[in-house]
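Peer 1: Structure file protein36.pdb (PDB, N, CA and C atoms) is given on the next line.
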```pdb
ATOM      1  N   MET A   1     192.846 129.097   1.311
ATOM      2  CA  MET A   1     192.498 128.729  -0.046
ATOM      3  C   MET A   1     193.458 127.669  -0.606
ATOM      4  N   ALA A   2     194.716 127.722  -0.211
ATOM      5  CA  ALA A   2     195.678 126.733  -0.692
ATOM      6  C   ALA A   2     195.280 125.328  -0.267
ATOM      7  N   ALA A   3     194.769 125.200   0.964
ATOM      8  CA  ALA A   3     194.326 123.887   1.431
ATOM      9  C   ALA A   3     193.168 123.379   0.589
ATOM     10  N   ALA A   4     192.251 124.272   0.214
ATOM     11  CA  ALA A   4     191.121 123.869  -0.624
ATOM     12  C   ALA A   4     191.614 123.407  -1.987
ATOM     13  N   ASN A   5     192.600 124.105  -2.553
ATOM     14  CA  ASN A   5     193.131 123.696  -3.852
ATOM     15  C   ASN A   5     193.832 122.348  -3.776
ATOM     16  N   ALA A   6     194.568 122.112  -2.686
ATOM     17  CA  ALA A   6     195.235 120.823  -2.516
ATOM     18  C   ALA A   6     194.206 119.710  -2.405
ATOM     19  N   ARG A   7     193.132 119.951  -1.640
ATOM     20  CA  ARG A   7     192.065 118.958  -1.510
ATOM     21  C   ARG A   7     191.406 118.717  -2.858
ATOM     22  N   SER A   8     191.187 119.797  -3.609
ATOM     23  CA  SER A   8     190.541 119.673  -4.910
ATOM     24  C   SER A   8     191.377 118.807  -5.835
ATOM     25  N   GLN A   9     192.671 119.021  -5.844
ATOM     26  CA  GLN A   9     193.547 118.230  -6.706
ATOM     27  C   GLN A   9     193.508 116.761  -6.304
ATOM     28  N   ALA A  10     193.534 116.496  -5.012
ATOM     29  CA  ALA A  10     193.508 115.116  -4.539
ATOM     30  C   ALA A  10     192.155 114.471  -4.804
ATOM     31  N   GLY A  11     191.106 115.275  -4.883
ATOM     32  CA  GLY A  11     189.753 114.767  -5.017
ATOM     33  C   GLY A  11     189.527 113.948  -6.266
ATOM     34  N   PHE A  12     190.133 114.313  -7.387
ATOM     35  CA  PHE A  12     189.904 113.524  -8.594
ATOM     36  C   PHE A  12     191.192 113.035  -9.238
ATOM     37  N   SER A  13     192.269 113.019  -8.478
ATOM     38  CA  SER A  13     193.553 112.638  -9.060
ATOM     39  C   SER A  13     193.552 111.207  -9.588
ATOM     40  N   TYR A  14     192.818 110.314  -8.937
ATOM     41  CA  TYR A  14     192.834 108.929  -9.419
ATOM     42  C   TYR A  14     192.054 108.761 -10.719
ATOM     43  N   LYS A  15     191.238 109.746 -11.085
ATOM     44  CA  LYS A  15     190.508 109.703 -12.356
ATOM     45  C   LYS A  15     191.117 110.654 -13.374
ATOM     46  N   GLN A  16     192.231 111.260 -13.033
ATOM     47  CA  GLN A  16     192.829 112.272 -13.885
ATOM     48  C   GLN A  16     193.152 111.729 -15.278
ATOM     49  N   ASP A  17     193.696 110.532 -15.369
ATOM     50  CA  ASP A  17     194.039 109.967 -16.677
ATOM     51  C   ASP A  17     192.814 109.834 -17.565
ATOM     52  N   ASP A  18     191.706 109.365 -17.003
ATOM     53  CA  ASP A  18     190.462 109.227 -17.758
ATOM     54  C   ASP A  18     189.954 110.594 -18.223
ATOM     55  N   LEU A  19     190.004 111.567 -17.321
ATOM     56  CA  LEU A  19     189.548 112.915 -17.684
ATOM     57  C   LEU A  19     190.413 113.504 -18.800
ATOM     58  N   LEU A  20     191.714 113.348 -18.672
ATOM     59  CA  LEU A  20     192.609 113.887 -19.695
ATOM     60  C   LEU A  20     192.399 113.197 -21.041
ATOM     61  N   LEU A  21     192.162 111.897 -21.024
ATOM     62  CA  LEU A  21     191.884 111.167 -22.257
ATOM     63  C   LEU A  21     190.617 111.704 -22.926
ATOM     64  N   ARG A  22     189.575 111.902 -22.128
ATOM     65  CA  ARG A  22     188.322 112.447 -22.664
ATOM     66  C   ARG A  22     188.534 113.847 -23.231
ATOM     67  N   LEU A  23     189.308 114.674 -22.521
ATOM     68  CA  LEU A  23     189.564 116.039 -22.999
ATOM     69  C   LEU A  23     190.378 116.031 -24.295
ATOM     70  N   ARG A  24     191.306 115.120 -24.408
ATOM     71  CA  ARG A  24     192.084 115.017 -25.657
ATOM     72  C   ARG A  24     191.195 114.586 -26.823
ATOM     73  N   ARG A  25     190.252 113.696 -26.539
ATOM     74  CA  ARG A  25     189.304 113.291 -27.588
ATOM     75  C   ARG A  25     188.457 114.486 -28.032
ATOM     76  N   ILE A  26     188.011 115.268 -27.054
ATOM     77  CA  ILE A  26     187.223 116.462 -27.383
ATOM     78  C   ILE A  26     188.066 117.424 -28.215
ATOM     79  N   GLU A  27     189.308 117.587 -27.832
ATOM     80  CA  GLU A  27     190.212 118.455 -28.590
ATOM     81  C   GLU A  27     190.314 117.982 -30.043
ATOM     82  N   GLY A  28     190.418 116.670 -30.231
ATOM     83  CA  GLY A  28     190.473 116.113 -31.585
ATOM     84  C   GLY A  28     189.171 116.350 -32.340
ATOM     85  N   GLN A  29     188.047 116.225 -31.631
ATOM     86  CA  GLN A  29     186.756 116.487 -32.276
ATOM     87  C   GLN A  29     186.663 117.950 -32.715
ATOM     88  N   VAL A  30     187.143 118.854 -31.881
ATOM     89  CA  VAL A  30     187.103 120.279 -32.225
ATOM     90  C   VAL A  30     187.961 120.542 -33.461
ATOM     91  N   ARG A  31     189.137 119.949 -33.503
ATOM     92  CA  ARG A  31     189.989 120.110 -34.697
ATOM     93  C   ARG A  31     189.285 119.555 -35.933
ATOM     94  N   GLY A  32     188.585 118.437 -35.766
ATOM     95  CA  GLY A  32     187.835 117.862 -36.877
ATOM     96  C   GLY A  32     186.749 118.801 -37.381
ATOM     97  N   VAL A  33     186.054 119.457 -36.467
ATOM     98  CA  VAL A  33     185.009 120.409 -36.863
ATOM     99  C   VAL A  33     185.640 121.614 -37.554
ATOM    100  N   GLN A  34     186.791 122.049 -37.079
ATOM    101  CA  GLN A  34     187.482 123.155 -37.746
ATOM    102  C   GLN A  34     187.781 122.786 -39.204
ATOM    103  N   ARG A  35     188.253 121.563 -39.418
ATOM    104  CA  ARG A  35     188.526 121.102 -40.793
ATOM    105  C   ARG A  35     187.236 121.063 -41.612
ATOM    106  N   MET A  36     186.159 120.597 -40.980
ATOM    107  CA  MET A  36     184.877 120.525 -41.692
ATOM    108  C   MET A  36     184.446 121.918 -42.157
ATOM    109  N   VAL A  37     184.614 122.898 -41.286
ATOM    110  CA  VAL A  37     184.248 124.271 -41.646
ATOM    111  C   VAL A  37     185.149 124.764 -42.769
ATOM    112  N   GLU A  38     186.448 124.530 -42.645
ATOM    113  CA  GLU A  38     187.396 124.944 -43.690
ATOM    114  C   GLU A  38     187.059 124.313 -45.035
ATOM    115  N   GLU A  39     186.584 123.081 -45.011
ATOM    116  CA  GLU A  39     186.252 122.346 -46.239
ATOM    117  C   GLU A  39     184.862 122.676 -46.759
ATOM    118  N   GLY A  40     184.108 123.457 -45.996
ATOM    119  CA  GLY A  40     182.757 123.812 -46.415
ATOM    120  C   GLY A  40     181.797 122.640 -46.368
ATOM    121  N   ARG A  41     181.959 121.772 -45.380
ATOM    122  CA  ARG A  41     181.109 120.586 -45.258
ATOM    123  C   ARG A  41     179.668 120.978 -44.960
ATOM    124  N   TYR A  42     178.786 120.042 -45.141
ATOM    125  CA  TYR A  42     177.350 120.218 -44.952
ATOM    126  C   TYR A  42     177.062 120.679 -43.522
ATOM    127  N   CYS A  43     176.249 121.714 -43.400
ATOM    128  CA  CYS A  43     175.967 122.353 -42.108
ATOM    129  C   CYS A  43     175.449 121.367 -41.058
ATOM    130  N   ILE A  44     174.557 120.501 -41.456
ATOM    131  CA  ILE A  44     173.969 119.561 -40.498
ATOM    132  C   ILE A  44     175.032 118.611 -39.959
ATOM    133  N   ASP A  45     175.980 118.218 -40.796
ATOM    134  CA  ASP A  45     177.080 117.369 -40.335
ATOM    135  C   ASP A  45     177.912 118.097 -39.280
ATOM    136  N   ILE A  46     178.138 119.378 -39.494
ATOM    137  CA  ILE A  46     178.902 120.186 -38.541
ATOM    138  C   ILE A  46     178.133 120.306 -37.223
ATOM    139  N   VAL A  47     176.843 120.600 -37.323
ATOM    140  CA  VAL A  47     176.027 120.728 -36.109
ATOM    141  C   VAL A  47     176.011 119.407 -35.339
ATOM    142  N   THR A  48     175.914 118.301 -36.041
ATOM    143  CA  THR A  48     175.922 116.991 -35.397
ATOM    144  C   THR A  48     177.220 116.786 -34.616
ATOM    145  N   GLN A  49     178.331 117.146 -35.214
ATOM    146  CA  GLN A  49     179.616 117.004 -34.529
ATOM    147  C   GLN A  49     179.721 117.955 -33.338
ATOM    148  N   LEU A  50     179.185 119.148 -33.469
ATOM    149  CA  LEU A  50     179.183 120.098 -32.350
ATOM    150  C   LEU A  50     178.346 119.570 -31.187
ATOM    151  N   GLN A  51     177.239 118.923 -31.502
ATOM    152  CA  GLN A  51     176.414 118.321 -30.452
ATOM    153  C   GLN A  51     177.170 117.198 -29.745
ATOM    154  N   ALA A  52     177.944 116.438 -30.496
ATOM    155  CA  ALA A  52     178.748 115.371 -29.893
ATOM    156  C   ALA A  52     179.818 115.959 -28.970
ATOM    157  N   ILE A  53     180.412 117.072 -29.376
ATOM    158  CA  ILE A  53     181.410 117.740 -28.546
ATOM    159  C   ILE A  53     180.768 118.235 -27.249
ATOM    160  N   THR A  54     179.598 118.835 -27.369
ATOM    161  CA  THR A  54     178.891 119.336 -26.189
ATOM    162  C   THR A  54     178.561 118.196 -25.226
ATOM    163  N   ALA A  55     178.087 117.083 -25.762
ATOM    164  CA  ALA A  55     177.755 115.927 -24.919
ATOM    165  C   ALA A  55     179.011 115.388 -24.228
ATOM    166  N   ALA A  56     180.115 115.341 -24.952
ATOM    167  CA  ALA A  56     181.366 114.849 -24.363
ATOM    168  C   ALA A  56     181.862 115.794 -23.273
ATOM    169  N   ALA A  57     181.771 117.097 -23.505
ATOM    170  CA  ALA A  57     182.182 118.074 -22.491
ATOM    171  C   ALA A  57     181.283 117.991 -21.265
ATOM    172  N   ASP A  58     179.994 117.791 -21.487
ATOM    173  CA  ASP A  58     179.064 117.637 -20.358
ATOM    174  C   ASP A  58     179.422 116.408 -19.522
ATOM    175  N   LYS A  59     179.850 115.344 -20.165
ATOM    176  CA  LYS A  59     180.230 114.126 -19.445
ATOM    177  C   LYS A  59     181.476 114.379 -18.594
ATOM    178  N   VAL A  60     182.435 115.121 -19.136
ATOM    179  CA  VAL A  60     183.631 115.463 -18.358
ATOM    180  C   VAL A  60     183.226 116.305 -17.149
ATOM    181  N   ALA A  61     182.377 117.298 -17.372
ATOM    182  CA  ALA A  61     181.921 118.148 -16.268
ATOM    183  C   ALA A  61     181.208 117.314 -15.211
ATOM    184  N   GLU A  62     180.411 116.360 -15.644
ATOM    185  CA  GLU A  62     179.696 115.487 -14.705
ATOM    186  C   GLU A  62     180.679 114.688 -13.850
ATOM    187  N   GLN A  63     181.727 114.164 -14.486
ATOM    188  CA  GLN A  63     182.715 113.386 -13.742
ATOM    189  C   GLN A  63     183.477 114.255 -12.743
ATOM    190  N   VAL A  64     183.859 115.459 -13.158
ATOM    191  CA  VAL A  64     184.577 116.355 -12.257
ATOM    192  C   VAL A  64     183.673 116.750 -11.093
ATOM    193  N   LEU A  65     182.421 117.044 -11.392
ATOM    194  CA  LEU A  65     181.480 117.415 -10.344
ATOM    195  C   LEU A  65     181.260 116.257  -9.364
ATOM    196  N   GLU A  66     181.164 115.050  -9.883
ATOM    197  CA  GLU A  66     181.005 113.893  -8.997
ATOM    198  C   GLU A  66     182.196 113.768  -8.051
ATOM    199  N   GLN A  67     183.393 113.913  -8.591
ATOM    200  CA  GLN A  67     184.579 113.828  -7.743
ATOM    201  C   GLN A  67     184.617 114.965  -6.728
ATOM    202  N   HIS A  68     184.138 116.136  -7.126
ATOM    203  CA  HIS A  68     184.065 117.264  -6.206
ATOM    204  C   HIS A  68     183.125 116.932  -5.044
ATOM    205  N   ILE A  69     181.991 116.362  -5.371
ATOM    206  CA  ILE A  69     181.028 116.002  -4.330
ATOM    207  C   ILE A  69     181.609 114.935  -3.409
ATOM    208  N   ARG A  70     182.180 113.904  -4.011
ATOM    209  CA  ARG A  70     182.721 112.800  -3.221
ATOM    210  C   ARG A  70     183.930 113.216  -2.383
ATOM    211  N   GLY A  71     184.680 114.186  -2.860
ATOM    212  CA  GLY A  71     185.882 114.615  -2.149
ATOM    213  C   GLY A  71     185.676 115.897  -1.371
ATOM    214  N   CYS A  72     185.626 117.002  -2.070
ATOM    215  CA  CYS A  72     185.605 118.319  -1.433
ATOM    216  C   CYS A  72     184.355 118.567  -0.601
ATOM    217  N   VAL A  73     183.192 118.252  -1.146
ATOM    218  CA  VAL A  73     181.950 118.507  -0.405
ATOM    219  C   VAL A  73     181.874 117.596   0.819
ATOM    220  N   THR A  74     182.237 116.344   0.656
ATOM    221  CA  THR A  74     182.236 115.414   1.786
ATOM    222  C   THR A  74     183.192 115.902   2.875
ATOM    223  N   ASP A  75     184.389 116.324   2.467
ATOM    224  CA  ASP A  75     185.351 116.856   3.437
ATOM    225  C   ASP A  75     184.788 118.083   4.145
ATOM    226  N   ALA A  76     184.175 118.978   3.391
ATOM    227  CA  ALA A  76     183.627 120.208   3.978
ATOM    228  C   ALA A  76     182.543 119.889   5.002
ATOM    229  N   ILE A  77     181.703 118.932   4.687
ATOM    230  CA  ILE A  77     180.645 118.547   5.629
ATOM    231  C   ILE A  77     181.266 117.980   6.905
ATOM    232  N   GLN A  78     182.268 117.129   6.757
ATOM    233  CA  GLN A  78     182.929 116.544   7.922
ATOM    234  C   GLN A  78     183.654 117.600   8.752
ATOM    235  N   GLU A  79     184.095 118.672   8.095
ATOM    236  CA  GLU A  79     184.807 119.756   8.784
ATOM    237  C   GLU A  79     183.859 120.877   9.207
ATOM    238  N   GLN A  80     182.557 120.611   9.162
ATOM    239  CA  GLN A  80     181.541 121.570   9.600
ATOM    240  C   GLN A  80     181.476 122.817   8.707
ATOM    241  N   ARG A  81     181.852 122.673   7.437
ATOM    242  CA  ARG A  81     181.743 123.763   6.469
ATOM    243  C   ARG A  81     180.770 123.375   5.357
ATOM    244  N   GLY A  82     179.830 122.530   5.686
ATOM    245  CA  GLY A  82     178.914 121.977   4.701
ATOM    246  C   GLY A  82     178.051 123.002   4.003
ATOM    247  N   ASP A  83     177.556 123.999   4.756
ATOM    248  CA  ASP A  83     176.689 125.007   4.136
ATOM    249  C   ASP A  83     177.404 125.749   3.023
ATOM    250  N   GLU A  84     178.641 126.125   3.277
ATOM    251  CA  GLU A  84     179.440 126.834   2.267
ATOM    252  C   GLU A  84     179.633 125.967   1.019
ATOM    253  N   ALA A  85     179.987 124.712   1.227
ATOM    254  CA  ALA A  85     180.225 123.797   0.108
ATOM    255  C   ALA A  85     178.940 123.522  -0.665
ATOM    256  N   ILE A  86     177.837 123.374   0.044
ATOM    257  CA  ILE A  86     176.554 123.110  -0.618
ATOM    258  C   ILE A  86     176.104 124.344  -1.407
ATOM    259  N   ASP A  87     176.309 125.535  -0.853
ATOM    260  CA  ASP A  87     175.972 126.765  -1.587
ATOM    261  C   ASP A  87     176.761 126.853  -2.890
ATOM    262  N   GLU A  88     178.045 126.561  -2.819
ATOM    263  CA  GLU A  88     178.896 126.579  -4.009
ATOM    264  C   GLU A  88     178.415 125.543  -5.022
ATOM    265  N   LEU A  89     178.118 124.355  -4.542
ATOM    266  CA  LEU A  89     177.645 123.272  -5.401
ATOM    267  C   LEU A  89     176.336 123.640  -6.081
ATOM    268  N   MET A  90     175.402 124.202  -5.329
ATOM    269  CA  MET A  90     174.114 124.582  -5.907
ATOM    270  C   MET A  90     174.275 125.668  -6.956
ATOM    271  N   SER A  91     175.225 126.565  -6.761
ATOM    272  CA  SER A  91     175.498 127.603  -7.752
ATOM    273  C   SER A  91     175.965 126.973  -9.077
ATOM    274  N   VAL A  92     176.865 126.008  -8.966
ATOM    275  CA  VAL A  92     177.361 125.333 -10.163
ATOM    276  C   VAL A  92     176.265 124.544 -10.850
ATOM    277  N   ILE A  93     175.452 123.858 -10.072
ATOM    278  CA  ILE A  93     174.347 123.075 -10.642
ATOM    279  C   ILE A  93     173.351 124.012 -11.321
ATOM    280  N   GLY A  94     173.053 125.148 -10.694
ATOM    281  CA  GLY A  94     172.142 126.130 -11.300
ATOM    282  C   GLY A  94     172.653 126.616 -12.640
ATOM    283  N   LYS A  95     173.939 126.897 -12.727
ATOM    284  CA  LYS A  95     174.521 127.332 -14.000
ATOM    285  C   LYS A  95     174.436 126.226 -15.049
ATOM    286  N   ALA A  96     174.683 125.008 -14.626
ATOM    287  CA  ALA A  96     174.627 123.877 -15.553
ATOM    288  C   ALA A  96     173.217 123.664 -16.086
ATOM    289  N   MET A  97     172.226 123.873 -15.237
ATOM    290  CA  MET A  97     170.846 123.670 -15.662
ATOM    291  C   MET A  97     170.407 124.750 -16.653
ATOM    292  N   ARG A  98     170.992 125.926 -16.566
ATOM    293  CA  ARG A  98     170.672 126.993 -17.526
ATOM    294  C   ARG A  98     171.378 126.766 -18.854
ATOM    295  N   HIS A  99     172.344 125.916 -18.866
ATOM    296  CA  HIS A  99     173.128 125.592 -20.071
ATOM    297  C   HIS A  99     172.231 124.925 -21.031
TER     298      HIS A  99
END
```
Would it be possible to restate this file's structure as structure tokens?
Peer 2:
Amino acid sequence: MAAANARSQAGFSYKQDDLLLRLRRIEGQVRGVQRMVEEGRYCIDIVTQLQAITAAADKVAEQVLEQHIRGCVTDAIQEQRGDEAIDELMSVIGKAMRH
């Protein structure tokens, strides 16, 4: 399992700065929504901001998943562990589609 974690870390390390920047923006959006709720802002404005947060989080998940496919899944296929990696990937995609 340690080898898989090391591969996972290497898989998206070159995009890590972009991912962290996006996550920090989402964090700021969440704080903004908290303030909106505290201030009693208009419900539709709050829902609109929540939808923006969800879309931003989905984009981060998409980027991480892409790096997983390009790195971990590709490695697993080359190492003859493709079925296991594809099963894991399909499980994650299934959960995302139910979201």
Peer 1: To one decimal place in Å, what is the distance between atom N of Gln63 (chain A) and atom N of Leu19 (chain A)?
Peer 2: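 Separation of atom N of Gln63 (chain A) and atom N of Leu19 (chain A): 9.1 Å.
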Peer 1: Can you tell me how far CA of Gln67 (chain A) sits from atom C of Gln51 (chain A), in Å to one decimal?
Peer 2: 23.5 Å
Peer 1: Find the spatial neighbours of Ala56 (chain A), counting only N, CA and C atoms, within a cut-off of 7 Å - ignore same-chain residues fewer than 4 positions away - and output them as a ChimeraX atom specification.
Peer 2: /A:22,26,51-52,60-61
Peer 1: Tell me which protein, DNA and RNA residues are within 8 Å of Ile53 (chain A), counting only N, CA and C atoms, leaving out same-chain ones fewer than 6 positions away, and put them as a ChimeraX atom specification.
Peer 2: /A:25-27,29-30,47,59
Peer 1: May I ask for the distance between atom N of Ile46 (chain A) and atom C of Arg98 (chain A), given in Å to one decimal place?
Peer 2: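 Separating atom N of Ile46 (chain A) from atom C of Arg98 (chain A) is a distance of 22.9 Å.
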Peer 1: From the set A:Ala76, A:Ile86, A:Val33, A:Val64, which residue has the shortest atom-to-atom contact distance to Gln49 (chain A), counting only N, CA and C atoms?
Peer 2: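 Nearest candidate to Gln49 (chain A) out of A:Ala76, A:Ile86, A:Val33, A:Val64: A:Val33.
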Peer 1: Pick the closest to Ala57 (chain A) from A:Ser91, A:Leu23, A:Gln16, A:Arg31: which is it, counting all atoms listed in the file?
Peer 2: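 Once distances to Ala57 (chain A) are computed over all atoms listed in the file, the minimum belongs to A:Leu23.
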